[in-house]
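Coordinates from upload-v9.cif are shown below (mmCIF, C-alpha atoms).
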```
data_target
#
loop_
_atom_site.group_PDB
_atom_site.id
_atom_site.type_symbol
_atom_site.label_atom_id
_atom_site.label_comp_id
_atom_site.auth_asym_id
_atom_site.auth_seq_id
_atom_site.Cartn_x
_atom_site.Cartn_y
_atom_site.Cartn_z
ATOM 1 C CA MET A 1 6.869 136.257 -67.357
ATOM 2 C CA ARG A 2 10.542 137.203 -67.295
ATOM 3 C CA HIS A 3 11.101 135.859 -63.782
ATOM 4 C CA PRO A 4 10.616 132.143 -64.670
ATOM 5 C CA GLN A 5 13.005 132.514 -67.612
ATOM 6 C CA ARG A 6 15.615 134.028 -65.313
ATOM 7 C CA ALA A 7 15.247 131.139 -62.881
ATOM 8 C CA LEU A 8 15.572 128.641 -65.733
ATOM 9 C CA ARG A 9 18.733 130.346 -66.979
ATOM 10 C CA PHE A 10 20.152 130.297 -63.458
ATOM 11 C CA PHE A 11 19.406 126.563 -63.132
ATOM 12 C CA ALA A 12 20.982 125.861 -66.539
ATOM 13 C CA MET A 13 24.083 127.793 -65.476
ATOM 14 C CA LEU A 14 24.329 125.705 -62.296
ATOM 15 C CA VAL A 15 24.080 122.490 -64.322
ATOM 16 C CA ILE A 16 26.791 123.666 -66.716
ATOM 17 C CA LEU A 17 29.007 124.651 -63.797
ATOM 18 C CA ALA A 18 28.533 121.242 -62.162
ATOM 19 C CA ILE A 19 29.445 119.461 -65.404
ATOM 20 C CA ALA A 20 32.509 121.668 -65.855
ATOM 21 C CA ALA A 21 33.595 121.041 -62.259
ATOM 22 C CA ALA A 22 33.235 117.269 -62.679
ATOM 23 C CA ALA A 23 35.154 117.321 -65.948
ATOM 24 C CA GLY A 24 37.886 119.429 -64.352
ATOM 25 C CA TYR A 25 38.133 117.050 -61.418
ATOM 26 C CA TYR A 26 38.528 113.974 -63.629
ATOM 27 C CA LEU A 27 41.039 115.790 -65.820
ATOM 28 C CA TYR A 28 43.042 116.754 -62.730
ATOM 29 C CA LYS A 29 42.950 113.172 -61.425
ATOM 30 C CA SER A 30 44.120 111.735 -64.749
ATOM 31 C CA ILE A 31 46.997 114.208 -65.003
ATOM 32 C CA SER A 32 48.132 114.043 -61.379
ATOM 33 C CA GLU A 33 48.094 110.259 -60.948
ATOM 34 C CA VAL A 34 51.446 108.542 -61.188
ATOM 35 C CA ASP A 35 51.372 105.390 -63.249
ATOM 36 C CA GLU A 36 52.875 102.681 -61.068
ATOM 37 C CA GLY A 37 52.503 99.944 -63.634
ATOM 38 C CA PRO A 38 50.944 96.667 -62.634
ATOM 39 C CA GLY A 39 50.047 96.373 -58.984
ATOM 40 C CA ARG A 40 51.964 94.207 -56.535
ATOM 41 C CA LYS A 41 49.192 91.632 -56.374
ATOM 42 C CA ASP A 42 48.932 91.508 -60.161
ATOM 43 C CA ALA A 43 52.681 90.942 -60.466
ATOM 44 C CA PHE A 44 52.531 88.229 -57.803
ATOM 45 C CA THR A 45 49.640 86.480 -59.560
ATOM 46 C CA SER A 46 51.466 86.643 -62.886
ATOM 47 C CA CYS A 47 54.610 85.234 -61.292
ATOM 48 C CA MET A 48 52.665 82.352 -59.741
ATOM 49 C CA LYS A 49 51.019 81.544 -63.076
ATOM 50 C CA HIS A 50 54.434 81.507 -64.707
ATOM 51 C CA CYS A 51 55.676 79.086 -62.048
ATOM 52 C CA ARG A 52 52.754 76.720 -62.589
ATOM 53 C CA ARG A 53 53.169 76.732 -66.358
ATOM 54 C CA SER A 54 56.942 76.552 -66.620
ATOM 55 C CA THR A 55 57.852 73.957 -63.984
ATOM 56 C CA THR A 56 56.811 70.341 -63.950
ATOM 57 C CA GLU A 57 58.750 69.159 -60.899
ATOM 58 C CA THR A 58 57.350 69.832 -57.441
ATOM 59 C CA ALA A 59 60.648 71.094 -55.990
ATOM 60 C CA ALA A 60 61.206 73.528 -58.850
ATOM 61 C CA ALA A 61 57.626 74.784 -58.606
ATOM 62 C CA GLN A 62 57.966 75.379 -54.871
ATOM 63 C CA SER A 63 61.262 77.171 -55.390
ATOM 64 C CA CYS A 64 59.701 79.411 -58.039
ATOM 65 C CA GLN A 65 56.679 80.164 -55.822
ATOM 66 C CA GLN A 66 58.946 81.016 -52.900
ATOM 67 C CA ALA A 67 60.849 83.424 -55.154
ATOM 68 C CA CYS A 68 57.540 85.067 -56.080
ATOM 69 C CA GLN A 69 56.647 85.409 -52.397
ATOM 70 C CA ARG A 70 60.083 86.899 -51.610
ATOM 71 C CA ASP A 71 59.623 89.451 -54.391
ATOM 72 C CA LEU A 72 56.206 90.399 -53.031
ATOM 73 C CA ASP A 73 57.580 90.728 -49.497
ATOM 74 C CA ALA A 74 60.473 92.869 -50.723
ATOM 75 C CA CYS A 75 58.045 95.123 -52.577
ATOM 76 C CA ASP A 76 55.898 95.453 -49.440
ATOM 77 C CA ARG A 77 58.944 96.414 -47.377
ATOM 78 C CA GLN A 78 59.875 99.164 -49.844
ATOM 79 C CA ARG A 79 56.526 100.848 -49.316
#
```
For this file, produce the structure as structure tokens.
Amino acid sequence: MRHPQRALRFFAMLVILAIAAAAGYYLYKSISEVDEGPGRKDAFTSCMKHCRRSTTETAAAQSCQQACQRDLDACDRQR
């Protein structure tokens, strides 16, 4: 009768160890990740939205969109 209890305790210990390992992994990932702020694509999308909302003339809108594209290209070159 003691043998099944021992096996159950062993299985419970393995489950607890697996949960602890997963928690440790996610804690490590959250601590070790460097926050880079908004991504390049997010910044580009935001810039393009700003261009569409703030400019009414076609030439000004194109100029603003080209500036957004130049910023994105410059960011890509830095990486």
Q) If the PyMOL selection byres ((chain A and resi 41-56) around 9) is run on the structure shown, which residues does it catch, given as a PyMOL selection string? A) chain A and resi 38-40+57-65+67-69+71-72
Q | Atomic separation - atom CA of Leu17 of chain A relative to atom CA of His3 of chain A, Å | A | 21.1 Å
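As for atom CA of Arg9 of chain A and atom CA of Gly24 of chain A, they are spaced 22.2 Å apart.
Between atom CA of Phe10 of chain A and atom CA of Tyr25 of chain A the interatomic distance comes to 22.4 Å.
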With 3 Å on each side, where is the centre of the axis-aligned box around all listed atoms of segment 67-76 of chain A, and how long are its edges in Å to one decimal, as lines of an AutoDock Vina configuration file?
```
center_x = 58.4
center_y = 89.4
center_z = -52.8
size_x = 11.0
size_y = 18.0
size_z = 12.6
```
